[in-house]
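Participant: So here's entry_27.txt, just compact mmCIF, C-alpha atoms:
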```txt
# COMPACT_ATOMS: atom_id res chain seq x y z
CA MET A 87 -27.96 -29.04 122.96
CA ASN A 88 -26.59 -28.92 126.52
CA VAL A 89 -22.89 -29.25 127.05
CA GLY A 90 -21.71 -30.81 130.28
CA SER A 91 -18.97 -29.43 132.48
CA GLN A 92 -16.38 -31.83 131.04
CA GLY A 93 -17.37 -30.83 127.49
CA SER A 94 -17.03 -27.13 128.34
CA GLN A 95 -13.53 -27.64 129.70
CA ALA A 96 -12.56 -29.57 126.58
CA LEU A 97 -13.81 -26.76 124.32
CA GLU A 98 -11.76 -24.21 126.23
CA HIS A 99 -8.57 -26.08 125.34
CA LEU A 100 -9.37 -26.49 121.65
CA PRO A 101 -7.06 -24.34 119.44
CA THR A 102 -8.67 -21.33 117.80
CA LEU A 103 -8.92 -21.30 114.03
CA ILE A 104 -6.34 -18.54 113.66
CA SER A 105 -3.84 -20.46 115.76
CA LEU A 106 -4.00 -23.25 113.17
CA ILE A 107 -2.81 -20.96 110.36
CA PRO A 108 0.76 -21.83 109.26
CA PRO A 109 3.35 -19.13 110.09
CA GLU A 110 3.98 -18.39 106.40
CA THR A 111 0.28 -17.74 105.76
CA LEU A 112 -0.06 -15.72 108.97
CA ALA A 113 2.89 -13.59 107.88
CA ILE A 114 1.13 -12.73 104.60
CA ILE A 115 -2.06 -11.74 106.44
CA LEU A 116 -0.26 -9.61 109.02
CA GLN A 117 1.89 -7.93 106.38
CA PHE A 118 -1.22 -6.95 104.43
CA VAL A 119 -2.62 -5.26 107.55
CA ALA A 120 0.68 -3.64 108.54
CA GLN A 121 1.31 -2.09 105.11
CA ASN A 122 -2.07 -0.41 104.83
CA ASP A 123 -1.17 3.13 103.70
CA GLU A 124 -3.87 4.60 105.89
CA LEU A 125 -2.08 3.46 109.00
CA ASN A 126 1.20 4.47 110.56
CA SER A 127 3.79 1.75 110.84
CA HIS A 128 3.34 1.46 114.60
CA ILE A 129 0.35 -0.81 113.85
CA LEU A 130 3.00 -3.50 113.34
CA LEU A 131 4.02 -3.20 116.97
CA ASP A 132 0.37 -3.50 118.02
CA LEU A 133 0.09 -6.75 116.07
CA ALA A 134 3.22 -8.09 117.74
CA ILE A 135 1.73 -7.88 121.26
CA VAL A 136 -1.45 -9.83 120.47
CA CYS A 137 0.13 -13.16 121.34
CA ARG A 138 3.46 -14.97 121.31
CA LYS A 139 2.85 -16.58 117.90
CA TRP A 140 2.11 -13.25 116.28
CA ARG A 141 5.15 -11.69 117.93
CA ASP A 142 7.41 -14.50 116.74
CA THR A 143 5.97 -14.18 113.23
CA VAL A 144 6.48 -10.42 113.08
CA TYR A 145 10.03 -10.45 114.41
CA SER A 146 11.20 -13.47 112.41
CA HIS A 147 10.20 -12.13 108.98
CA PRO A 148 12.44 -9.28 107.72
CA GLN A 149 9.88 -8.15 105.13
CA PHE A 150 7.75 -6.64 107.92
CA TRP A 151 10.47 -4.08 108.60
CA THR A 152 11.19 -2.88 105.05
CA ASN A 153 8.46 -0.26 105.05
CA TYR A 154 8.07 2.67 107.45
CA ARG A 155 5.46 5.45 107.37
CA CYS A 156 5.41 8.21 109.92
CA SER A 157 4.39 11.82 110.35
CA THR A 158 6.77 13.63 112.65
CA TYR A 159 3.79 15.67 113.81
CA SER A 160 2.50 12.55 115.61
CA PRO A 161 5.49 10.18 115.76
CA THR A 162 5.26 6.69 117.09
CA SER A 163 6.05 6.12 120.74
CA GLY A 164 9.45 4.71 119.78
CA ALA A 165 10.35 7.81 117.77
CA ARG A 166 9.28 10.03 120.67
CA SER A 167 11.27 8.18 123.29
CA GLU A 168 14.54 7.57 121.45
CA GLY A 169 14.47 10.18 118.69
CA LEU A 170 13.43 9.85 115.06
CA VAL A 171 16.75 8.79 113.52
CA PRO A 172 17.72 6.18 116.17
CA HIS A 173 14.20 4.77 115.88
CA LEU A 174 14.47 4.50 112.08
CA GLN A 175 17.89 2.87 112.35
CA ARG A 176 16.62 0.24 114.78
CA TRP A 177 13.48 -0.39 112.71
CA PHE A 178 15.25 -0.92 109.39
CA LYS A 179 18.03 -3.01 110.96
CA ARG A 180 15.47 -5.80 111.34
CA ALA A 181 14.92 -5.77 107.55
CA GLY A 182 18.29 -7.43 106.96
CA THR A 183 19.47 -6.81 103.39
CA LEU A 184 16.05 -6.21 101.80
CA PRO A 185 15.23 -2.99 99.87
CA LEU A 186 13.68 -0.25 102.03
CA THR A 187 10.73 2.11 101.71
CA LEU A 188 10.29 5.28 103.78
CA LYS A 189 7.31 7.62 103.74
CA LEU A 190 8.05 10.55 106.03
CA THR A 191 6.00 13.69 106.65
CA ILE A 192 8.04 16.59 108.02
CA THR A 193 6.03 19.24 109.83
CA PRO A 194 6.75 22.84 110.89
CA THR A 195 7.93 21.74 114.34
CA HIS A 196 9.45 18.30 113.83
CA PRO A 197 12.19 17.34 113.37
CA THR A 198 13.84 20.19 115.19
CA PRO A 199 16.55 22.19 113.37
CA GLU A 200 19.10 20.30 115.44
CA GLU A 201 17.71 16.92 114.25
CA LEU A 202 17.68 17.70 110.50
CA PRO A 203 21.44 17.11 109.95
CA ALA A 204 21.13 13.68 111.57
CA LEU A 205 18.19 12.86 109.29
CA THR A 206 20.25 13.92 106.26
CA SER A 207 23.13 11.67 107.33
CA PHE A 208 20.76 8.75 107.84
CA LEU A 209 19.13 9.14 104.40
CA ILE A 210 22.55 9.30 102.75
CA GLY A 211 24.17 6.57 104.83
CA THR A 212 21.42 4.05 104.05
CA THR A 213 22.14 2.59 100.61
CA ARG A 214 19.23 0.17 100.21
CA TRP A 215 16.47 2.66 99.50
CA HIS A 216 13.91 1.38 97.01
CA SER A 217 11.32 4.11 97.57
CA LEU A 218 11.43 7.48 99.34
CA HIS A 219 8.41 9.72 99.87
CA LEU A 220 9.21 13.01 101.59
CA LYS A 221 6.31 15.30 102.37
CA LEU A 222 7.06 18.76 103.80
CA VAL A 223 4.08 20.40 105.46
CA ALA A 224 3.90 24.18 105.90
CA ASP A 225 2.03 26.03 108.60
CA SER A 226 0.81 29.56 107.96
CA GLU A 227 1.19 30.44 111.62
CA ILE A 228 4.59 28.80 112.10
CA GLY A 229 6.86 30.20 109.45
CA ARG A 230 9.64 27.73 108.86
CA ALA A 231 12.08 28.15 106.00
CA ASP A 232 14.63 25.60 107.14
CA THR A 233 12.65 22.64 105.75
CA GLY A 234 12.92 24.12 102.26
CA LEU A 235 16.62 24.73 102.80
CA TRP A 236 16.97 21.21 104.17
CA LEU A 237 15.51 19.69 101.01
CA ASN A 238 18.10 21.50 98.91
CA SER A 239 20.91 20.53 101.28
CA LEU A 240 19.79 16.89 101.18
CA PHE A 241 20.09 16.66 97.39
CA SER A 242 23.43 18.49 97.49
CA ALA A 243 24.75 16.19 100.22
CA VAL A 244 23.82 13.07 98.22
CA GLY A 245 25.76 14.49 95.28
CA GLU A 246 28.76 15.20 97.48
CA ALA A 247 28.67 11.62 98.80
CA LEU A 248 29.36 10.05 95.40
CA ARG A 249 31.81 7.19 95.73
CA GLU A 250 35.17 7.00 94.01
CA ASP A 251 33.68 4.84 91.24
CA GLY A 252 31.03 7.53 90.60
CA SER A 253 28.17 5.54 92.11
CA SER A 254 25.64 7.25 94.35
CA PRO A 255 24.33 6.27 97.82
CA TRP A 256 20.93 6.29 96.13
CA GLU A 257 22.01 3.98 93.32
CA ALA A 258 19.25 1.47 94.14
CA LEU A 259 16.49 4.09 94.53
CA GLN A 260 13.66 3.46 92.05
CA GLN A 261 10.84 5.64 93.38
CA LEU A 262 11.14 9.19 94.69
CA GLU A 263 8.26 11.46 95.61
CA VAL A 264 8.75 14.95 97.03
CA GLU A 265 5.72 16.94 98.19
CA ALA A 266 6.66 20.48 99.17
CA ARG A 267 4.05 22.55 97.38
CA ASP A 268 3.43 24.97 100.25
CA VAL A 269 6.95 25.21 101.67
CA ARG A 270 8.84 28.48 101.26
CA LEU A 271 11.96 28.07 99.18
CA GLN A 272 14.50 30.80 99.83
CA GLU A 273 16.90 29.68 97.11
CA PHE A 274 16.89 27.85 93.79
CA ILE A 275 15.99 24.22 94.30
CA ARG A 276 18.50 21.88 92.69
CA LEU A 277 17.21 18.71 91.07
CA PRO A 278 20.25 16.64 89.99
CA PHE A 279 18.46 13.29 89.92
CA ALA A 280 20.36 11.91 86.92
CA THR A 281 23.46 11.94 89.12
CA ILE A 282 22.20 11.21 92.62
CA ALA A 283 19.48 8.67 91.65
CA PRO A 284 20.42 7.35 88.20
CA ASN A 285 18.06 4.35 88.30
CA LEU A 286 14.81 6.15 89.11
CA ARG A 287 11.77 4.60 87.48
CA GLU A 288 9.20 6.86 89.11
CA LEU A 289 9.74 10.52 89.98
CA LYS A 290 7.03 12.79 91.39
CA ILE A 291 7.85 16.30 92.57
CA SER A 292 5.50 19.01 93.80
CA LEU A 293 7.10 22.38 94.54
CA PRO A 294 5.96 26.02 94.73
CA GLN A 295 8.14 26.84 91.74
CA ILE A 296 11.14 25.83 89.67
CA PRO A 297 12.86 29.14 88.84
CA ASN A 298 15.70 27.58 86.87
CA ALA A 299 14.09 25.55 84.09
CA TYR A 300 17.42 24.76 82.42
CA GLN A 301 18.09 22.00 84.93
CA LEU A 302 15.03 20.11 83.61
CA VAL A 303 16.98 19.30 80.43
CA GLU A 304 20.51 19.11 81.88
CA GLY A 305 21.12 16.36 84.45
CA PHE A 306 17.52 16.26 85.64
CA VAL A 307 16.77 12.55 85.37
CA ASN A 308 18.03 9.49 83.49
CA PRO A 309 15.36 9.10 80.78
CA LYS A 310 16.30 5.52 79.88
CA LYS A 311 15.06 4.14 83.21
CA LEU A 312 12.02 6.35 83.63
CA ARG A 313 8.50 4.86 83.73
CA CYS A 314 6.57 7.69 85.39
CA LEU A 315 7.34 11.42 85.64
CA GLU A 316 5.14 13.98 87.41
CA ILE A 317 6.02 17.65 87.96
CA ASP A 318 3.65 20.06 89.70
CA ALA A 319 5.28 23.49 90.03
CA LEU A 320 5.27 26.95 88.56
CA ILE A 321 8.07 26.59 86.01
CA ASN A 322 9.89 29.66 84.75
CA TRP A 323 10.45 28.47 81.17
CA LYS A 324 13.08 30.43 79.26
CA ASP A 325 14.03 30.53 75.59
CA GLU A 326 13.46 27.11 73.98
CA ILE A 327 13.53 25.11 77.23
CA LEU A 328 9.81 24.22 77.28
CA PRO A 329 9.67 22.41 73.91
CA THR A 330 13.18 21.04 74.41
CA PHE A 331 12.05 19.46 77.69
CA TYR A 332 9.05 17.73 76.08
CA TYR A 333 10.85 16.63 72.92
CA HIS A 334 13.99 15.51 74.75
CA THR A 335 12.03 13.59 77.41
CA LEU A 336 9.68 11.82 75.01
CA ALA A 337 12.36 11.01 72.45
CA GLN A 338 14.79 9.52 74.97
CA ALA A 339 12.50 8.02 77.64
CA THR A 340 11.80 4.88 75.67
CA ASN A 341 10.11 3.12 78.61
CA LEU A 342 7.97 6.03 79.81
CA LYS A 343 4.36 5.11 80.59
CA SER A 344 3.01 8.23 82.28
CA LEU A 345 3.89 11.93 82.00
CA LYS A 346 2.22 14.69 84.02
CA VAL A 347 3.45 18.28 83.88
CA LEU A 348 1.39 21.00 85.59
CA ASP A 349 3.67 23.98 84.98
CA ARG A 350 1.00 26.74 85.33
CA TYR A 351 2.70 28.50 82.42
CA ARG A 352 0.56 31.38 81.09
CA HIS A 353 2.77 33.34 78.73
CA LEU A 354 2.19 33.67 75.00
CA GLU A 355 5.73 33.03 73.76
CA LEU A 356 6.18 30.44 71.04
CA PHE A 357 9.47 28.85 70.13
CA ASP A 358 10.58 28.17 66.58
CA LEU A 359 14.14 26.95 66.95
CA ASN A 360 16.38 24.19 65.70
CA PHE A 361 16.12 21.05 67.85
CA SER A 362 18.51 18.92 65.77
CA GLU A 363 20.71 18.21 68.80
CA THR A 364 17.96 16.34 70.64
CA VAL A 365 15.37 15.59 67.93
CA SER A 366 16.32 14.16 64.54
CA SER A 367 12.89 14.54 62.94
CA PHE A 368 9.28 15.47 63.61
CA PRO A 369 6.87 14.35 64.84
CA VAL A 370 8.69 13.26 68.00
CA PHE A 371 7.90 9.58 68.54
CA ASN A 372 7.35 7.67 71.78
CA ARG A 373 6.03 4.13 71.56
CA THR A 374 5.31 3.45 75.24
CA LEU A 375 3.49 6.50 76.67
CA THR A 376 -0.11 5.68 77.65
CA THR A 377 -1.02 8.58 79.99
CA LEU A 378 -0.42 12.29 79.42
CA ALA A 379 -1.60 15.13 81.70
CA LEU A 380 -0.72 18.76 80.94
CA HIS A 381 -1.50 22.28 81.97
CA ASP A 382 -3.32 23.65 78.95
CA ASN A 383 -1.51 26.63 77.44
CA ARG A 384 -0.43 27.90 74.06
CA ALA A 385 3.06 26.40 74.18
CA THR A 386 1.96 22.88 75.16
CA ARG A 387 -0.63 22.86 72.38
CA HIS A 388 2.07 23.62 69.83
CA CYS A 389 4.19 20.83 71.31
CA LEU A 390 1.27 18.39 71.13
CA GLN A 391 0.87 18.75 67.38
CA ASN A 392 4.52 17.71 66.92
CA LEU A 393 4.15 14.40 68.79
CA SER A 394 3.36 10.85 67.76
CA LEU A 395 2.19 8.67 70.66
CA PRO A 396 0.62 5.47 69.27
CA SER A 397 0.05 3.85 72.70
CA LEU A 398 -1.66 6.89 74.22
CA THR A 399 -5.03 6.05 75.83
CA SER A 400 -5.51 8.74 78.50
CA LEU A 401 -5.37 12.55 78.22
CA SER A 402 -5.85 15.24 80.87
CA PHE A 403 -5.84 19.00 80.39
CA ILE A 404 -5.99 21.34 83.36
CA SER A 405 -6.37 25.11 83.57
CA SER A 406 -7.28 27.58 86.30
CA THR A 407 -10.73 29.15 86.39
CA ASN A 408 -9.41 32.69 85.86
CA GLU A 409 -7.39 31.93 82.72
CA LEU A 410 -8.76 33.13 79.39
CA GLU A 411 -8.61 31.45 76.00
CA LEU A 412 -5.26 32.87 74.87
CA ASP A 413 -4.79 31.28 71.46
CA ILE A 414 -7.76 30.91 69.15
CA SER A 415 -5.38 30.33 66.23
CA LEU A 416 -4.56 26.86 67.61
CA SER A 417 -7.44 25.51 69.66
CA LEU A 418 -7.13 22.51 71.94
CA SER A 419 -9.38 20.50 69.62
CA THR A 420 -7.09 21.23 66.65
CA ALA A 421 -3.92 20.30 68.58
CA VAL A 422 -5.44 17.06 69.92
CA GLY A 423 -6.86 16.25 66.50
CA ARG A 424 -3.41 16.47 64.91
CA LEU A 425 -1.90 14.40 67.73
CA VAL A 426 -4.49 11.64 67.30
CA ALA A 427 -4.22 11.67 63.51
CA GLN A 428 -0.44 11.31 63.33
CA SER A 429 -0.29 8.90 66.30
CA ASP A 430 -3.15 6.66 65.18
CA CYS A 431 -3.91 6.23 68.87
CA LYS A 432 -7.21 5.36 70.51
CA ILE A 433 -8.02 7.72 73.39
CA LYS A 434 -10.16 5.88 75.93
CA HIS A 435 -10.17 8.44 78.75
CA ILE A 436 -10.03 12.23 78.88
CA ARG A 437 -10.18 14.65 81.79
CA LEU A 438 -10.92 18.33 81.17
CA GLU A 439 -10.58 20.76 84.08
CA ASN A 440 -11.66 24.35 83.35
CA THR A 441 -10.64 23.97 79.71
CA PRO A 442 -11.33 24.53 76.85
CA LYS A 443 -12.84 27.91 77.63
CA LEU A 444 -14.84 28.10 74.41
CA LEU A 445 -17.97 25.97 74.24
CA SER A 446 -17.62 25.24 70.53
CA VAL A 447 -14.01 24.05 71.00
CA CYS A 448 -15.04 21.65 73.75
CA VAL A 449 -17.79 20.13 71.61
CA ARG A 450 -15.43 19.76 68.62
CA LEU A 451 -12.87 18.09 70.87
CA LEU A 452 -15.41 15.54 72.09
CA GLN A 453 -16.64 14.96 68.54
CA LEU A 454 -13.25 13.88 67.23
CA LEU A 455 -12.60 11.45 70.12
CA THR A 456 -14.87 8.70 68.82
CA THR A 457 -13.07 5.98 70.81
CA LEU A 458 -13.64 7.71 74.16
CA GLU A 459 -15.08 5.46 76.89
CA SER A 460 -14.56 7.61 80.00
CA LEU A 461 -15.07 11.37 80.28
CA GLU A 462 -14.36 13.58 83.31
CA LEU A 463 -15.54 17.18 83.15
CA HIS A 464 -14.54 19.58 85.91
CA LEU A 465 -16.51 22.66 84.95
CA PRO A 466 -16.22 26.20 86.31
CA SER A 467 -19.18 27.39 88.38
CA ARG A 468 -18.94 30.79 86.74
CA PRO A 469 -20.16 31.64 84.27
CA PHE A 470 -22.97 29.25 85.17
CA TRP A 471 -24.52 29.30 81.70
CA GLN A 472 -21.31 27.99 80.09
CA SER A 473 -21.47 24.66 81.92
CA LEU A 474 -25.20 24.40 81.38
CA LEU A 475 -24.93 25.05 77.63
CA LEU A 476 -22.15 22.48 77.27
CA LEU A 477 -24.28 19.68 78.70
CA LYS A 478 -27.24 20.74 76.54
CA ARG A 479 -25.06 20.84 73.43
CA MET A 480 -23.74 17.37 74.25
CA LEU A 481 -27.32 16.08 74.41
CA VAL A 482 -28.24 17.70 71.10
CA GLN A 483 -25.13 16.29 69.46
CA THR A 484 -25.98 12.82 70.77
CA LEU A 485 -29.05 12.84 68.55
CA ASN A 486 -27.11 13.97 65.49
CA ASP A 487 -27.08 11.09 63.03
CA ASP A 488 -24.32 12.63 60.92
CA LYS A 489 -21.85 13.43 63.72
CA PRO A 490 -22.93 11.68 66.93
CA ILE A 491 -20.88 12.61 69.94
CA LEU A 492 -19.16 10.02 72.17
CA PRO A 493 -20.65 6.87 70.59
CA ASN A 494 -18.60 4.53 72.83
CA LEU A 495 -18.99 6.37 76.12
CA ILE A 496 -19.29 4.11 79.17
CA SER A 497 -18.53 6.47 82.07
CA LEU A 498 -19.30 10.17 82.55
CA SER A 499 -18.29 12.29 85.54
CA VAL A 500 -19.24 15.95 85.91
CA SER A 501 -18.14 18.12 88.83
CA LEU A 502 -18.38 21.80 89.67
CA SER A 503 -16.76 23.86 92.39
CA SER A 504 -20.31 24.45 93.69
CA PRO A 505 -23.15 21.97 94.29
CA ILE A 506 -24.75 20.52 91.14
CA ILE A 507 -28.38 21.59 91.48
CA GLY A 508 -31.23 23.00 89.44
CA GLU A 509 -30.74 23.32 85.68
CA ILE A 510 -27.23 21.84 85.75
CA LYS A 511 -28.48 18.68 87.44
CA LYS A 512 -31.37 18.39 84.98
CA ALA A 513 -29.08 18.85 81.97
CA PHE A 514 -26.77 16.14 83.29
CA ALA A 515 -29.67 13.76 83.94
CA ASP A 516 -31.13 14.43 80.48
CA PHE A 517 -27.84 13.47 78.88
CA VAL A 518 -27.08 10.30 80.82
CA GLU A 519 -30.67 9.03 80.89
CA HIS A 520 -31.34 9.46 77.19
CA PRO A 521 -32.20 6.02 75.67
CA SER A 522 -29.77 6.47 72.77
CA ARG A 523 -26.89 7.25 75.11
CA TRP A 524 -26.08 3.71 76.31
CA PRO A 525 -25.84 0.24 74.76
CA ALA A 526 -29.00 -1.85 74.76
CA SER A 527 -29.40 -4.93 76.93
CA GLU A 528 -29.81 -8.44 75.50
CA LYS A 529 -33.59 -7.96 75.53
CA GLY A 530 -33.26 -4.78 73.51
CA ASP A 531 -34.17 -2.45 76.36
CA ALA A 532 -32.09 0.60 77.26
CA VAL A 533 -29.87 0.16 80.27
CA SER A 534 -31.57 1.64 83.34
CA LEU A 535 -29.66 4.14 85.47
CA PRO A 536 -29.99 4.79 89.22
CA GLU A 537 -32.52 7.39 90.29
CA ASP A 538 -29.90 9.36 92.18
CA VAL A 539 -27.61 9.99 89.18
```
Could you express the structure from this file as structure tokens?
Facilitator:
Amino acid sequence: MNVGSQGSQALEHLPTLISLIPPETLAIILQFVAQNDELNSHILLDLAIVCRKWRDTVYSHPQFWTNYRCSTYSPTSGARSEGLVPHLQRWFKRAGTLPLTLKLTITPTHPTPEELPALTSFLIGTTRWHSLHLKLVADSEIGRADTGLWLNSLFSAVGEALREDGSSPWEALQQLEVEARDVRLQEFIRLPFATIAPNLRELKISLPQIPNAYQLVEGFVNPKKLRCLEIDALINWKDEILPTFYYHTLAQATNLKSLKVLDRYRHLELFDLNFSETVSSFPVFNRTLTTLALHDNRATRHCLQNLSLPSLTSLSFISSTNELELDISLSLSTAVGRLVAQSDCKIKHIRLENTPKLLSVCVRLLQLLTTLESLELHLPSRPFWQSLLLLKRMLVQTLNDDKPILPNLISLSVSLSSPIIGEIKKAFADFVEHPSRWPASEKGDAVSLPEDV
């Protein structure tokens, strides 16, 4: 159909579809784009210059300015021109009285040593933090110890800023994540979160090490508020601190949903002490925990068999490839078996990374988890035959009418530190493609799997 000149001019003045969207709906759409975690927050400023309506929408809704993500390695143009702290102050001022979220990556060169005190003052002086994520990046060629020192000074400064009524500047803080795994720490890191952030619901810390493990049971975190706790650090456990930490945390954190502790502890010490001060009876009971991830070692296995976790559905055990099986007297399968028996829980998901070391223990572990629906195996590439034999044993056990393995399995993931080829790939395919492995369809046929399994 031909459109005359008058018709063409009329079409040019018709409003576009997006211009017809009400401001409230447009604000929801733009906020979804602006808060994409893959993007830096300066995308919000890009949206504001598209047109006048978008600009008015962005600047008239305070919720757009409650969240800021920035790497100081590549700061936004505003942070470069006026400095990081003045830029953050101006940004969050537009959020009015709403709770604030900051995700900041600190690099070896930015902020400068002269800017760090101003950043500390800003983080303490702002009392509406809901979520803080501080990531400290190390550079092997640019040795910088002051970022590690700054982290310690930040926590100390928050403690020193307690008000006369005992409340903290971070009283409203509910989520705190600290990533500093590769940063050099020249002194003991202090973690007084029970005092400086008493209402934390989610705490995730990743550090090179925690030399003083005593602070993990004294003033570490308020267990009553906690929903999620993750610690990834080499922990120098002393005396009875390791079991005390687990028993104290699980007994008192009555709202805890997820616990992950990767302590990389490799010693053989066991603790047989009186825990009457923190634990009235065994097994230690926690009604709410659903997800538990641990570094597999002798001490954590002994702790496991003293727990009752009826809501537990997900388990993860992680070990390094060069660790040996250190305790055959209490295997992982035995410890998990006792945990499941006294908890009466139904494990739906398990992740095993480089553990158990013994093939027979791994098979026994999978045999007892009859409710398992999802299995993740991260197998060592060496010795090669160990991973191959495990998959073959799983296939053989599948056909065992007396003790079938994984009868309710829905998802299986297998990964190696090297490409899965040759015999390993065939063993995996044989297991997942076996007709008895998966539920039948309505027609009675076995479920077909993709060719590129």
Participant: Residues near segment 391-405 of chain A, anyone? I mean within 8 Å using only C-alpha atoms, not counting same-chain ones fewer than 6 positions away, as a VMD selection string.
Facilitator: chain A and resid 348 350 368 to 383 421 to 422 424 to 426 428 to 441
Participant: Using only C-alpha atoms, which residues sit within 12 Å of Arg249 of chain A once same-chain residues fewer than 4 positions away are excluded, as a VMD selection string?
Facilitator: chain A and resid 210 to 211 213 244 to 245 253 to 257 281 to 282
Participant: Quick one: pull the distance between atom CA of His216 of chain A and atom CA of Pro199 of chain A, Å, one decimal.
Facilitator: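 These two atoms are separated by 26.6 Å.
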Participant: Any idea what the distance is between atom CA of Leu262 of chain A and atom CA of Leu289 of chain A?
Facilitator: 5.1 Å
Participant: Of the residues A:Val223, A:Leu476, A:Val171, A:Leu451, which is the one nearest to His464 of chain A, using all atoms listed in the file?
Facilitator: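 That would be A:Leu476, the residue with the smallest distance to His464 of chain A.
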Participant: Might you pull out every residue within 7 Å of Lys311 of chain A, with only C-alpha atoms counted and same-chain residues fewer than 2 positions away left off, and present them as a list in words?
Facilitator: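 Those residues are Asn285, Leu286, Arg287, Asn308, Pro309, Arg313 and Asn341 of chain A.
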Participant: I want to know what sits within 8 Å of Thr206 of chain A, based on only C-alpha atoms, with residues of the same chain fewer than 4 positions away left out; could you give that as a list in words?
Facilitator: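 These residues fall inside the cut-off: Leu202, Ile210, Leu240 and Ala243 of chain A.
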Participant: Selection from above, C-alpha atoms, as a PDB file, in the coordinates of the input, can you write it?
Facilitator:
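After the write, out_30.pdb holds the following:
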```pdb
ATOM      1  CA  LEU A 202      17.680  17.700 110.500  1.00  0.00           C
ATOM      2  CA  ILE A 210      22.550   9.300 102.750  1.00  0.00           C
ATOM      3  CA  LEU A 240      19.790  16.890 101.180  1.00  0.00           C
ATOM      4  CA  ALA A 243      24.750  16.190 100.220  1.00  0.00           C
TER       5      ALA A 243
END
```
Participant: Can you pull out every residue within 10 Å of Ile296 of chain A, counting all atoms listed in the file, but drop anything in the same chain fewer than 3 positions away, and send it as a tab-separated table (two decimals) with C-alpha atoms, keeping the file's coordinate frame?
Facilitator:
```tsv
chain	number	residue	atom	x	y	z
A	271	LEU	CA	11.96	28.07	99.18
A	274	PHE	CA	16.89	27.85	93.79
A	275	ILE	CA	15.99	24.22	94.30
A	276	ARG	CA	18.50	21.88	92.69
A	277	LEU	CA	17.21	18.71	91.07
A	292	SER	CA	5.50	19.01	93.80
A	293	LEU	CA	7.10	22.38	94.54
A	299	ALA	CA	14.09	25.55	84.09
A	300	TYR	CA	17.42	24.76	82.42
A	301	GLN	CA	18.09	22.00	84.93
A	302	LEU	CA	15.03	20.11	83.61
A	317	ILE	CA	6.02	17.65	87.96
A	318	ASP	CA	3.65	20.06	89.70
A	319	ALA	CA	5.28	23.49	90.03
A	320	LEU	CA	5.27	26.95	88.56
A	321	ILE	CA	8.07	26.59	86.01
A	322	ASN	CA	9.89	29.66	84.75
A	323	TRP	CA	10.45	28.47	81.17
A	349	ASP	CA	3.67	23.98	84.98
```
Participant: For the atom pair atom CA of Lys511 of chain A and atom CA of Pro442 of chain A, what is the interatomic distance in Å to one decimal place?
Facilitator: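 Computing the Euclidean distance for atom CA of Lys511 of chain A and atom CA of Pro442 of chain A yields 21.0 Å.
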